[in-house]
$ cat my_file.txt   # compact mmCIF, N, CA and C atoms
# COMPACT_ATOMS: atom_id res chain seq x y z
N MET A 1 20.56 -62.39 -7.08
CA MET A 1 19.68 -62.96 -6.07
C MET A 1 20.49 -63.93 -5.22
N THR A 2 20.28 -63.86 -3.92
CA THR A 2 21.06 -64.70 -3.02
C THR A 2 20.49 -66.11 -2.92
N GLN A 3 19.19 -66.26 -3.05
CA GLN A 3 18.61 -67.59 -3.05
C GLN A 3 18.04 -67.87 -4.43
N ALA A 4 17.73 -69.13 -4.68
CA ALA A 4 17.24 -69.51 -6.01
C ALA A 4 15.92 -68.79 -6.30
N PRO A 5 15.83 -68.12 -7.43
CA PRO A 5 14.57 -67.47 -7.80
C PRO A 5 13.50 -68.51 -8.11
N HIS A 6 12.26 -68.12 -7.94
CA HIS A 6 11.13 -69.01 -8.20
C HIS A 6 10.39 -68.49 -9.44
N VAL A 7 10.27 -69.35 -10.45
CA VAL A 7 9.59 -68.99 -11.69
C VAL A 7 8.31 -69.81 -11.82
N LEU A 8 7.22 -69.13 -12.13
CA LEU A 8 5.92 -69.77 -12.37
C LEU A 8 5.54 -69.55 -13.83
N PHE A 9 5.28 -70.65 -14.54
CA PHE A 9 4.80 -70.58 -15.92
C PHE A 9 3.30 -70.85 -15.91
N VAL A 10 2.54 -69.98 -16.57
CA VAL A 10 1.09 -70.10 -16.57
C VAL A 10 0.54 -70.04 -17.99
N CYS A 11 -0.32 -71.00 -18.32
CA CYS A 11 -1.10 -70.92 -19.55
C CYS A 11 -2.53 -71.36 -19.20
N THR A 12 -3.40 -71.37 -20.15
CA THR A 12 -4.79 -71.65 -19.86
C THR A 12 -4.99 -73.06 -19.30
N HIS A 13 -4.51 -74.07 -20.01
CA HIS A 13 -4.82 -75.45 -19.63
C HIS A 13 -3.70 -76.17 -18.89
N ASN A 14 -2.51 -75.59 -18.82
CA ASN A 14 -1.35 -76.23 -18.18
C ASN A 14 -1.14 -77.64 -18.74
N ALA A 15 -1.37 -77.76 -20.05
CA ALA A 15 -1.24 -79.05 -20.71
C ALA A 15 -0.23 -79.01 -21.84
N GLY A 16 0.35 -77.84 -22.11
CA GLY A 16 1.26 -77.71 -23.24
C GLY A 16 2.40 -76.75 -22.98
N ARG A 17 2.20 -75.47 -23.32
CA ARG A 17 3.28 -74.48 -23.26
C ARG A 17 3.91 -74.37 -21.89
N SER A 18 3.10 -74.20 -20.86
CA SER A 18 3.66 -74.00 -19.52
C SER A 18 4.37 -75.25 -19.01
N GLN A 19 3.87 -76.43 -19.40
CA GLN A 19 4.52 -77.68 -19.01
C GLN A 19 5.88 -77.82 -19.70
N MET A 20 5.93 -77.47 -20.99
CA MET A 20 7.20 -77.54 -21.71
C MET A 20 8.20 -76.57 -21.11
N ALA A 21 7.76 -75.34 -20.85
CA ALA A 21 8.65 -74.33 -20.30
C ALA A 21 9.18 -74.75 -18.93
N ALA A 22 8.30 -75.27 -18.08
CA ALA A 22 8.73 -75.70 -16.74
C ALA A 22 9.74 -76.82 -16.82
N ALA A 23 9.49 -77.80 -17.69
CA ALA A 23 10.42 -78.94 -17.81
C ALA A 23 11.77 -78.49 -18.36
N LEU A 24 11.74 -77.61 -19.35
CA LEU A 24 12.99 -77.12 -19.94
C LEU A 24 13.80 -76.31 -18.93
N LEU A 25 13.14 -75.40 -18.20
CA LEU A 25 13.87 -74.59 -17.24
C LEU A 25 14.38 -75.45 -16.09
N ASP A 26 13.56 -76.35 -15.61
CA ASP A 26 13.99 -77.21 -14.51
C ASP A 26 15.22 -78.02 -14.91
N HIS A 27 15.22 -78.54 -16.12
CA HIS A 27 16.35 -79.33 -16.61
C HIS A 27 17.60 -78.47 -16.77
N GLN A 28 17.45 -77.33 -17.43
CA GLN A 28 18.60 -76.48 -17.71
C GLN A 28 19.15 -75.81 -16.45
N ALA A 29 18.28 -75.49 -15.50
CA ALA A 29 18.71 -74.78 -14.30
C ALA A 29 19.42 -75.69 -13.32
N ALA A 30 19.14 -76.98 -13.36
CA ALA A 30 19.80 -77.95 -12.48
C ALA A 30 19.83 -77.49 -11.03
N GLY A 31 18.66 -77.07 -10.53
CA GLY A 31 18.55 -76.70 -9.13
C GLY A 31 18.82 -75.24 -8.81
N ARG A 32 19.25 -74.46 -9.78
CA ARG A 32 19.55 -73.04 -9.53
C ARG A 32 18.29 -72.17 -9.53
N VAL A 33 17.17 -72.73 -9.99
CA VAL A 33 15.90 -72.00 -10.06
C VAL A 33 14.80 -72.96 -9.61
N HIS A 34 13.85 -72.46 -8.81
CA HIS A 34 12.66 -73.24 -8.46
C HIS A 34 11.64 -72.99 -9.57
N VAL A 35 11.02 -74.07 -10.06
CA VAL A 35 10.12 -73.95 -11.20
C VAL A 35 8.78 -74.61 -10.89
N THR A 36 7.69 -73.91 -11.21
CA THR A 36 6.35 -74.48 -11.13
C THR A 36 5.56 -74.04 -12.35
N SER A 37 4.45 -74.72 -12.58
CA SER A 37 3.56 -74.32 -13.67
C SER A 37 2.12 -74.52 -13.21
N ALA A 38 1.21 -73.82 -13.89
CA ALA A 38 -0.20 -73.90 -13.53
C ALA A 38 -1.05 -73.43 -14.70
N GLY A 39 -2.35 -73.71 -14.60
CA GLY A 39 -3.28 -73.28 -15.63
C GLY A 39 -4.48 -72.58 -15.03
N SER A 40 -4.98 -71.58 -15.73
CA SER A 40 -6.16 -70.86 -15.25
C SER A 40 -7.41 -71.72 -15.40
N GLN A 41 -7.40 -72.66 -16.34
CA GLN A 41 -8.48 -73.63 -16.53
C GLN A 41 -7.83 -74.97 -16.87
N PRO A 42 -7.26 -75.66 -15.87
CA PRO A 42 -6.48 -76.87 -16.14
C PRO A 42 -7.26 -77.94 -16.92
N ALA A 43 -6.57 -78.55 -17.86
CA ALA A 43 -7.14 -79.65 -18.65
C ALA A 43 -7.14 -80.93 -17.80
N ASP A 44 -7.67 -82.00 -18.37
CA ASP A 44 -7.70 -83.29 -17.69
C ASP A 44 -6.36 -84.01 -17.76
N GLN A 45 -5.59 -83.74 -18.83
CA GLN A 45 -4.31 -84.41 -19.03
C GLN A 45 -3.42 -83.57 -19.92
N LEU A 46 -2.14 -83.93 -19.96
CA LEU A 46 -1.22 -83.24 -20.85
C LEU A 46 -1.54 -83.57 -22.30
N ASN A 47 -1.19 -82.65 -23.16
CA ASN A 47 -1.33 -82.85 -24.60
C ASN A 47 -0.34 -83.95 -25.01
N PRO A 48 -0.82 -85.06 -25.59
CA PRO A 48 0.07 -86.16 -25.96
C PRO A 48 1.17 -85.74 -26.95
N ALA A 49 0.87 -84.81 -27.84
CA ALA A 49 1.89 -84.35 -28.80
C ALA A 49 2.98 -83.57 -28.07
N VAL A 50 2.65 -82.88 -27.01
CA VAL A 50 3.63 -82.16 -26.19
C VAL A 50 4.53 -83.16 -25.48
N VAL A 51 3.92 -84.18 -24.90
CA VAL A 51 4.70 -85.23 -24.22
C VAL A 51 5.67 -85.87 -25.21
N ALA A 52 5.19 -86.17 -26.42
CA ALA A 52 6.05 -86.78 -27.45
C ALA A 52 7.17 -85.84 -27.87
N ALA A 53 6.87 -84.56 -28.06
CA ALA A 53 7.89 -83.59 -28.49
C ALA A 53 8.98 -83.44 -27.42
N MET A 54 8.59 -83.48 -26.17
CA MET A 54 9.58 -83.37 -25.10
C MET A 54 10.41 -84.64 -24.99
N ALA A 55 9.80 -85.79 -25.19
CA ALA A 55 10.53 -87.07 -25.16
C ALA A 55 11.60 -87.09 -26.24
N GLU A 56 11.32 -86.46 -27.38
CA GLU A 56 12.30 -86.42 -28.47
C GLU A 56 13.61 -85.75 -28.05
N ILE A 57 13.54 -84.85 -27.08
CA ILE A 57 14.76 -84.17 -26.64
C ILE A 57 15.22 -84.70 -25.28
N GLY A 58 14.71 -85.86 -24.91
CA GLY A 58 15.18 -86.53 -23.70
C GLY A 58 14.53 -86.10 -22.40
N LEU A 59 13.42 -85.38 -22.47
CA LEU A 59 12.72 -84.95 -21.25
C LEU A 59 11.38 -85.68 -21.15
N ASP A 60 11.25 -86.50 -20.11
CA ASP A 60 10.03 -87.29 -19.90
C ASP A 60 9.09 -86.52 -18.98
N ILE A 61 8.01 -86.01 -19.53
CA ILE A 61 7.02 -85.30 -18.72
C ILE A 61 5.72 -86.10 -18.62
N SER A 62 5.79 -87.38 -18.96
CA SER A 62 4.58 -88.21 -18.99
C SER A 62 3.91 -88.37 -17.63
N ASP A 63 4.64 -88.18 -16.54
CA ASP A 63 4.05 -88.28 -15.21
C ASP A 63 3.49 -86.95 -14.71
N GLU A 64 3.69 -85.88 -15.46
CA GLU A 64 3.16 -84.58 -15.07
C GLU A 64 1.65 -84.53 -15.31
N PHE A 65 1.00 -83.56 -14.70
CA PHE A 65 -0.44 -83.38 -14.87
C PHE A 65 -0.76 -81.90 -14.74
N PRO A 66 -1.85 -81.45 -15.37
CA PRO A 66 -2.24 -80.05 -15.26
C PRO A 66 -2.60 -79.69 -13.82
N LYS A 67 -2.11 -78.52 -13.39
CA LYS A 67 -2.33 -78.04 -12.02
C LYS A 67 -3.04 -76.69 -12.06
N PRO A 68 -3.91 -76.44 -11.09
CA PRO A 68 -4.64 -75.17 -11.09
C PRO A 68 -3.78 -73.99 -10.63
N LEU A 69 -4.07 -72.85 -11.19
CA LEU A 69 -3.43 -71.61 -10.79
C LEU A 69 -4.06 -71.16 -9.48
N THR A 70 -3.22 -70.88 -8.49
CA THR A 70 -3.72 -70.41 -7.20
C THR A 70 -3.02 -69.10 -6.85
N THR A 71 -3.64 -68.35 -5.98
CA THR A 71 -3.05 -67.11 -5.50
C THR A 71 -1.71 -67.40 -4.84
N GLY A 72 -1.64 -68.49 -4.07
CA GLY A 72 -0.40 -68.85 -3.38
C GLY A 72 0.75 -69.10 -4.33
N LYS A 73 0.47 -69.73 -5.47
CA LYS A 73 1.54 -69.98 -6.45
C LYS A 73 2.09 -68.67 -7.00
N VAL A 74 1.21 -67.73 -7.26
CA VAL A 74 1.65 -66.44 -7.78
C VAL A 74 2.43 -65.69 -6.71
N GLN A 75 1.93 -65.71 -5.48
CA GLN A 75 2.61 -65.00 -4.39
C GLN A 75 4.00 -65.58 -4.13
N ALA A 76 4.18 -66.88 -4.31
CA ALA A 76 5.47 -67.52 -4.05
C ALA A 76 6.49 -67.25 -5.15
N ALA A 77 6.03 -66.84 -6.32
CA ALA A 77 6.92 -66.67 -7.47
C ALA A 77 7.61 -65.30 -7.46
N ASP A 78 8.84 -65.30 -7.94
CA ASP A 78 9.56 -64.05 -8.20
C ASP A 78 9.27 -63.57 -9.61
N VAL A 79 9.15 -64.53 -10.53
CA VAL A 79 8.89 -64.24 -11.94
C VAL A 79 7.69 -65.06 -12.38
N VAL A 80 6.72 -64.40 -13.01
CA VAL A 80 5.53 -65.08 -13.53
C VAL A 80 5.54 -64.90 -15.05
N ILE A 81 5.62 -66.03 -15.75
CA ILE A 81 5.61 -66.02 -17.21
C ILE A 81 4.24 -66.51 -17.66
N THR A 82 3.49 -65.66 -18.33
CA THR A 82 2.17 -66.05 -18.83
C THR A 82 2.26 -66.37 -20.31
N MET A 83 1.42 -67.30 -20.70
CA MET A 83 1.38 -67.74 -22.10
C MET A 83 -0.07 -67.93 -22.51
N GLY A 84 -0.80 -66.85 -22.59
CA GLY A 84 -2.16 -66.94 -23.09
C GLY A 84 -3.24 -67.15 -22.05
N CYS A 85 -2.98 -66.82 -20.78
CA CYS A 85 -4.06 -67.00 -19.79
C CYS A 85 -4.87 -65.73 -19.61
N GLY A 86 -4.47 -64.65 -20.28
CA GLY A 86 -5.25 -63.42 -20.27
C GLY A 86 -5.46 -62.84 -18.89
N ASP A 87 -6.67 -62.38 -18.63
CA ASP A 87 -6.98 -61.70 -17.38
C ASP A 87 -7.11 -62.66 -16.20
N ALA A 88 -7.03 -63.97 -16.43
CA ALA A 88 -7.16 -64.93 -15.34
C ALA A 88 -5.94 -64.95 -14.43
N CYS A 89 -4.84 -64.36 -14.87
CA CYS A 89 -3.62 -64.36 -14.07
C CYS A 89 -3.65 -63.21 -13.09
N PRO A 90 -3.62 -63.51 -11.78
CA PRO A 90 -3.61 -62.41 -10.80
C PRO A 90 -2.30 -61.63 -10.84
N ILE A 91 -2.40 -60.35 -10.62
CA ILE A 91 -1.25 -59.45 -10.65
C ILE A 91 -0.97 -58.95 -9.22
N TYR A 92 0.26 -59.11 -8.78
CA TYR A 92 0.67 -58.64 -7.46
C TYR A 92 1.83 -57.68 -7.60
N PRO A 93 1.82 -56.59 -6.85
CA PRO A 93 2.94 -55.65 -6.89
C PRO A 93 4.23 -56.34 -6.46
N GLY A 94 5.32 -55.94 -7.07
CA GLY A 94 6.62 -56.49 -6.71
C GLY A 94 7.00 -57.76 -7.43
N LYS A 95 6.10 -58.30 -8.21
CA LYS A 95 6.39 -59.49 -9.01
C LYS A 95 6.80 -59.06 -10.40
N ARG A 96 7.67 -59.81 -10.99
CA ARG A 96 8.07 -59.57 -12.38
C ARG A 96 7.18 -60.42 -13.27
N TYR A 97 6.55 -59.79 -14.24
CA TYR A 97 5.66 -60.49 -15.17
C TYR A 97 6.19 -60.37 -16.58
N GLU A 98 6.10 -61.46 -17.32
CA GLU A 98 6.40 -61.46 -18.75
C GLU A 98 5.31 -62.24 -19.44
N ASP A 99 4.92 -61.80 -20.62
CA ASP A 99 3.96 -62.55 -21.41
C ASP A 99 4.67 -63.04 -22.66
N TRP A 100 4.74 -64.37 -22.80
CA TRP A 100 5.36 -64.98 -23.97
C TRP A 100 4.24 -65.33 -24.94
N ASP A 101 4.18 -64.61 -26.05
CA ASP A 101 3.16 -64.83 -27.07
C ASP A 101 3.60 -65.99 -27.96
N LEU A 102 3.05 -67.16 -27.65
CA LEU A 102 3.40 -68.39 -28.37
C LEU A 102 2.13 -69.11 -28.79
N PRO A 103 2.15 -69.80 -29.92
CA PRO A 103 0.97 -70.53 -30.34
C PRO A 103 0.60 -71.63 -29.34
N ASP A 104 -0.69 -71.89 -29.24
CA ASP A 104 -1.19 -72.95 -28.37
C ASP A 104 -1.04 -74.28 -29.11
N PRO A 105 -0.36 -75.27 -28.52
CA PRO A 105 -0.19 -76.55 -29.20
C PRO A 105 -1.41 -77.47 -29.14
N ALA A 106 -2.49 -77.03 -28.52
CA ALA A 106 -3.68 -77.88 -28.40
C ALA A 106 -4.17 -78.33 -29.78
N GLY A 107 -4.33 -79.62 -29.93
CA GLY A 107 -4.85 -80.19 -31.16
C GLY A 107 -3.85 -80.29 -32.30
N LEU A 108 -2.62 -79.87 -32.07
CA LEU A 108 -1.61 -79.92 -33.14
C LEU A 108 -0.86 -81.24 -33.11
N PRO A 109 -0.42 -81.71 -34.28
CA PRO A 109 0.43 -82.91 -34.31
C PRO A 109 1.84 -82.55 -33.84
N VAL A 110 2.60 -83.57 -33.47
CA VAL A 110 3.95 -83.35 -32.93
C VAL A 110 4.82 -82.54 -33.89
N GLU A 111 4.62 -82.69 -35.19
CA GLU A 111 5.41 -81.94 -36.17
C GLU A 111 5.22 -80.44 -36.00
N GLN A 112 4.04 -80.01 -35.58
CA GLN A 112 3.76 -78.59 -35.39
C GLN A 112 4.05 -78.13 -33.96
N VAL A 113 4.22 -79.08 -33.04
CA VAL A 113 4.56 -78.75 -31.65
C VAL A 113 6.07 -78.48 -31.53
N ARG A 114 6.87 -79.16 -32.34
CA ARG A 114 8.33 -78.98 -32.26
C ARG A 114 8.78 -77.52 -32.35
N PRO A 115 8.29 -76.74 -33.32
CA PRO A 115 8.74 -75.34 -33.38
C PRO A 115 8.33 -74.53 -32.14
N ILE A 116 7.19 -74.85 -31.55
CA ILE A 116 6.74 -74.17 -30.33
C ILE A 116 7.70 -74.55 -29.20
N ARG A 117 8.01 -75.83 -29.08
CA ARG A 117 8.96 -76.32 -28.07
C ARG A 117 10.30 -75.61 -28.23
N ASP A 118 10.77 -75.51 -29.45
CA ASP A 118 12.08 -74.91 -29.70
C ASP A 118 12.08 -73.41 -29.39
N ALA A 119 10.96 -72.73 -29.68
CA ALA A 119 10.84 -71.30 -29.35
C ALA A 119 10.84 -71.12 -27.83
N ILE A 120 10.16 -72.00 -27.13
CA ILE A 120 10.14 -71.93 -25.66
C ILE A 120 11.55 -72.19 -25.13
N ALA A 121 12.25 -73.16 -25.69
CA ALA A 121 13.61 -73.49 -25.23
C ALA A 121 14.53 -72.29 -25.37
N THR A 122 14.41 -71.54 -26.46
CA THR A 122 15.24 -70.36 -26.67
C THR A 122 14.94 -69.30 -25.61
N ARG A 123 13.66 -69.08 -25.33
CA ARG A 123 13.28 -68.09 -24.32
C ARG A 123 13.70 -68.53 -22.92
N VAL A 124 13.57 -69.82 -22.65
CA VAL A 124 13.96 -70.35 -21.34
C VAL A 124 15.46 -70.16 -21.12
N GLN A 125 16.26 -70.41 -22.14
CA GLN A 125 17.71 -70.24 -22.01
C GLN A 125 18.07 -68.79 -21.71
N ALA A 126 17.40 -67.86 -22.39
CA ALA A 126 17.65 -66.44 -22.14
C ALA A 126 17.22 -66.05 -20.72
N LEU A 127 16.07 -66.56 -20.27
CA LEU A 127 15.60 -66.28 -18.92
C LEU A 127 16.57 -66.84 -17.89
N LEU A 128 17.03 -68.06 -18.09
CA LEU A 128 17.96 -68.68 -17.16
C LEU A 128 19.26 -67.88 -17.08
N SER A 129 19.77 -67.45 -18.21
CA SER A 129 21.00 -66.65 -18.22
C SER A 129 20.81 -65.37 -17.41
N GLU A 130 19.68 -64.75 -17.59
CA GLU A 130 19.38 -63.51 -16.88
C GLU A 130 19.25 -63.74 -15.37
N LEU A 131 18.58 -64.81 -15.00
CA LEU A 131 18.34 -65.09 -13.57
C LEU A 131 19.57 -65.56 -12.83
N THR A 132 20.51 -66.15 -13.54
CA THR A 132 21.68 -66.75 -12.85
C THR A 132 22.97 -65.97 -13.05
N THR A 133 22.90 -64.84 -13.77
CA THR A 133 24.08 -64.00 -13.95
C THR A 133 24.13 -63.00 -12.81
N PRO A 134 25.24 -62.93 -12.09
CA PRO A 134 25.34 -61.97 -10.99
C PRO A 134 25.17 -60.53 -11.48
N ALA A 135 24.52 -59.73 -10.65
CA ALA A 135 24.27 -58.33 -11.03
C ALA A 135 25.56 -57.54 -11.05
$ encode --input "my_file.txt" --output "structure tokens"
Amino acid sequence: MTQAPHVLFVCTHNAGRSQMAAALLDHQAAGRVHVTSAGSQPADQLNPAVVAAMAEIGLDISDEFPKPLTTGKVQAADVVITMGCGDACPIYPGKRYEDWDLPDPAGLPVEQVRPIRDAIATRVQALLSELTTPA
């Protein structure tokens, strides 16, 4: 890709998985990828255990907030990664879609969020390698 690809992470509440994925990719990509996240039914605030789990690895997402999924966000994305939003995610031809089947961290303590964070980090690293390796 000649310009930075745009990745959209989507989950139901945009309070956990998609926020972690967006923060991890944004940090690891260091400007090589545009990153956004959204929720099909955004929560009122981020999951505090998610914020704590990310702080443990040096990523402060405490100023982030759940954002609604819009048609424009999907249209702007090159890659749409869904994490449990089901049929609420609009599908457009020409977009690359992946569904990452990961547990929802809602209501979990930080001890149980860490493995979810780490699984997302592994997938994000693989995605970044794929997006930034010349064809």
$ closest_residue --input "my_file.txt" --among "A:Leu59, A:Leu102, A:Ala49, A:Ile116" --to "A:Ala23" --atoms "all atoms listed in the file"
A:Leu59
$ select_by_dssp --input "my_file.txt" --residues "stretch 3-134 of chain A" --states "strand (DSSP E)" --output "list of chain:residue names"
A:His6, A:Val7, A:Leu8, A:Phe9, A:Val10, A:Cys11, A:His34, A:Val35, A:Thr36, A:Ser37, A:Ala38, A:Gly39, A:Val79, A:Val80, A:Ile81, A:Thr82, A:Met83, A:Arg96, A:Tyr97, A:Glu98, A:Asp99
$ closest_residue --input "my_file.txt" --among "A:Pro48, A:Pro109, A:Pro134, A:Pro103" --to "A:Gln3" --atoms "only C-alpha atoms"
A:Pro134
$ residues_around --input "my_file.txt" --residues "stretch 72-79 of chain A" --least-positions-apart "4" --cutoff "12 Å" --atoms "only C-alpha atoms" --output "tab-separated table (two decimals) with N, CA and C atoms, in the coordinates of the input"
chain	number	residue	atom	x	y	z
A	1	MET	N	20.56	-62.39	-7.08
A	1	MET	CA	19.68	-62.96	-6.07
A	1	MET	C	20.49	-63.93	-5.22
A	3	GLN	N	19.19	-66.26	-3.05
A	3	GLN	CA	18.61	-67.59	-3.05
A	3	GLN	C	18.04	-67.87	-4.43
A	4	ALA	N	17.73	-69.13	-4.68
A	4	ALA	CA	17.24	-69.51	-6.01
A	4	ALA	C	15.92	-68.79	-6.30
A	5	PRO	N	15.83	-68.12	-7.43
A	5	PRO	CA	14.57	-67.47	-7.80
A	5	PRO	C	13.50	-68.51	-8.11
A	6	HIS	N	12.26	-68.12	-7.94
A	6	HIS	CA	11.13	-69.01	-8.20
A	6	HIS	C	10.39	-68.49	-9.44
A	7	VAL	N	10.27	-69.35	-10.45
A	7	VAL	CA	9.59	-68.99	-11.69
A	7	VAL	C	8.31	-69.81	-11.82
A	8	LEU	N	7.22	-69.13	-12.13
A	8	LEU	CA	5.92	-69.77	-12.37
A	8	LEU	C	5.54	-69.55	-13.83
A	9	PHE	N	5.28	-70.65	-14.54
A	9	PHE	CA	4.80	-70.58	-15.92
A	9	PHE	C	3.30	-70.85	-15.91
A	10	VAL	N	2.54	-69.98	-16.57
A	10	VAL	CA	1.09	-70.10	-16.57
A	10	VAL	C	0.54	-70.04	-17.99
A	33	VAL	N	17.17	-72.73	-9.99
A	33	VAL	CA	15.90	-72.00	-10.06
A	33	VAL	C	14.80	-72.96	-9.61
A	34	HIS	N	13.85	-72.46	-8.81
A	34	HIS	CA	12.66	-73.24	-8.46
A	34	HIS	C	11.64	-72.99	-9.57
A	35	VAL	N	11.02	-74.07	-10.06
A	35	VAL	CA	10.12	-73.95	-11.20
A	35	VAL	C	8.78	-74.61	-10.89
A	36	THR	N	7.69	-73.91	-11.21
A	36	THR	CA	6.35	-74.48	-11.13
A	36	THR	C	5.56	-74.04	-12.35
A	37	SER	N	4.45	-74.72	-12.58
A	37	SER	CA	3.56	-74.32	-13.67
A	37	SER	C	2.12	-74.52	-13.21
A	38	ALA	N	1.21	-73.82	-13.89
A	38	ALA	CA	-0.20	-73.90	-13.53
A	38	ALA	C	-1.05	-73.43	-14.70
A	39	GLY	N	-2.35	-73.71	-14.60
A	39	GLY	CA	-3.28	-73.28	-15.63
A	39	GLY	C	-4.48	-72.58	-15.03
A	40	SER	N	-4.98	-71.58	-15.73
A	40	SER	CA	-6.16	-70.86	-15.25
A	40	SER	C	-7.41	-71.72	-15.40
A	67	LYS	N	-2.11	-78.52	-13.39
A	67	LYS	CA	-2.33	-78.04	-12.02
A	67	LYS	C	-3.04	-76.69	-12.06
A	68	PRO	N	-3.91	-76.44	-11.09
A	68	PRO	CA	-4.64	-75.17	-11.09
A	68	PRO	C	-3.78	-73.99	-10.63
A	88	ALA	N	-7.03	-63.97	-16.43
A	88	ALA	CA	-7.16	-64.93	-15.34
A	88	ALA	C	-5.94	-64.95	-14.43
A	89	CYS	N	-4.84	-64.36	-14.87
A	89	CYS	CA	-3.62	-64.36	-14.07
A	89	CYS	C	-3.65	-63.21	-13.09
A	90	PRO	N	-3.62	-63.51	-11.78
A	90	PRO	CA	-3.61	-62.41	-10.80
A	90	PRO	C	-2.30	-61.63	-10.84
A	91	ILE	N	-2.40	-60.35	-10.62
A	91	ILE	CA	-1.25	-59.45	-10.65
A	91	ILE	C	-0.97	-58.95	-9.22
A	92	TYR	N	0.26	-59.11	-8.78
A	92	TYR	CA	0.67	-58.64	-7.46
A	92	TYR	C	1.83	-57.68	-7.60
A	93	PRO	N	1.82	-56.59	-6.85
A	93	PRO	CA	2.94	-55.65	-6.89
A	93	PRO	C	4.23	-56.34	-6.46
A	94	GLY	N	5.32	-55.94	-7.07
A	94	GLY	CA	6.62	-56.49	-6.71
A	94	GLY	C	7.00	-57.76	-7.43
A	95	LYS	N	6.10	-58.30	-8.21
A	95	LYS	CA	6.39	-59.49	-9.01
A	95	LYS	C	6.80	-59.06	-10.40
A	96	ARG	N	7.67	-59.81	-10.99
A	96	ARG	CA	8.07	-59.57	-12.38
A	96	ARG	C	7.18	-60.42	-13.27
A	97	TYR	N	6.55	-59.79	-14.24
A	97	TYR	CA	5.66	-60.49	-15.17
A	97	TYR	C	6.19	-60.37	-16.58
A	98	GLU	N	6.10	-61.46	-17.32
A	98	GLU	CA	6.40	-61.46	-18.75
A	98	GLU	C	5.31	-62.24	-19.44
A	99	ASP	N	4.92	-61.80	-20.62
A	99	ASP	CA	3.96	-62.55	-21.41
A	99	ASP	C	4.67	-63.04	-22.66
A	127	LEU	N	16.07	-66.56	-20.27
A	127	LEU	CA	15.60	-66.28	-18.92
A	127	LEU	C	16.57	-66.84	-17.89
A	128	LEU	N	17.03	-68.06	-18.09
A	128	LEU	CA	17.96	-68.68	-17.16
A	128	LEU	C	19.26	-67.88	-17.08
A	130	GLU	N	19.68	-64.75	-17.59
A	130	GLU	CA	19.38	-63.51	-16.88
A	130	GLU	C	19.25	-63.74	-15.37
A	131	LEU	N	18.58	-64.81	-15.00
A	131	LEU	CA	18.34	-65.09	-13.57
A	131	LEU	C	19.57	-65.56	-12.83
$ closest_residue --input "my_file.txt" --among "A:Ala29, A:Met20, A:Val50, A:Leu108" --to "A:Gln125" --atoms "only C-alpha atoms"
A:Ala29
$ residues_near_point --input "my_file.txt" --point "(15.3, -73.3, -25.5)" --cutoff "12 Å" --atoms "only C-alpha atoms" --output "list in words"
Met20, Ala21, Ala22, Ala23, Leu24, Leu25, Asp26, His27, Gln28, Ala29, Met54, Ile57, Arg114, Pro115, Ile116, Arg117, Asp118, Ala119, Ile120, Ala121, Thr122, Arg123, Val124, Gln125, Ala126, Leu127, Leu128 and Ser129 of chain A
$ closest_residue --input "my_file.txt" --among "A:Glu56, A:Glu64, A:Asp104, A:Thr71" --to "A:Met83" --atoms "only C-alpha atoms"
A:Asp104
$ closest_residue --input "my_file.txt" --among "A:Gly107, A:Pro42, A:Gly84, A:Gly58" --to "A:Asn14" --atoms "all atoms listed in the file"
A:Pro42
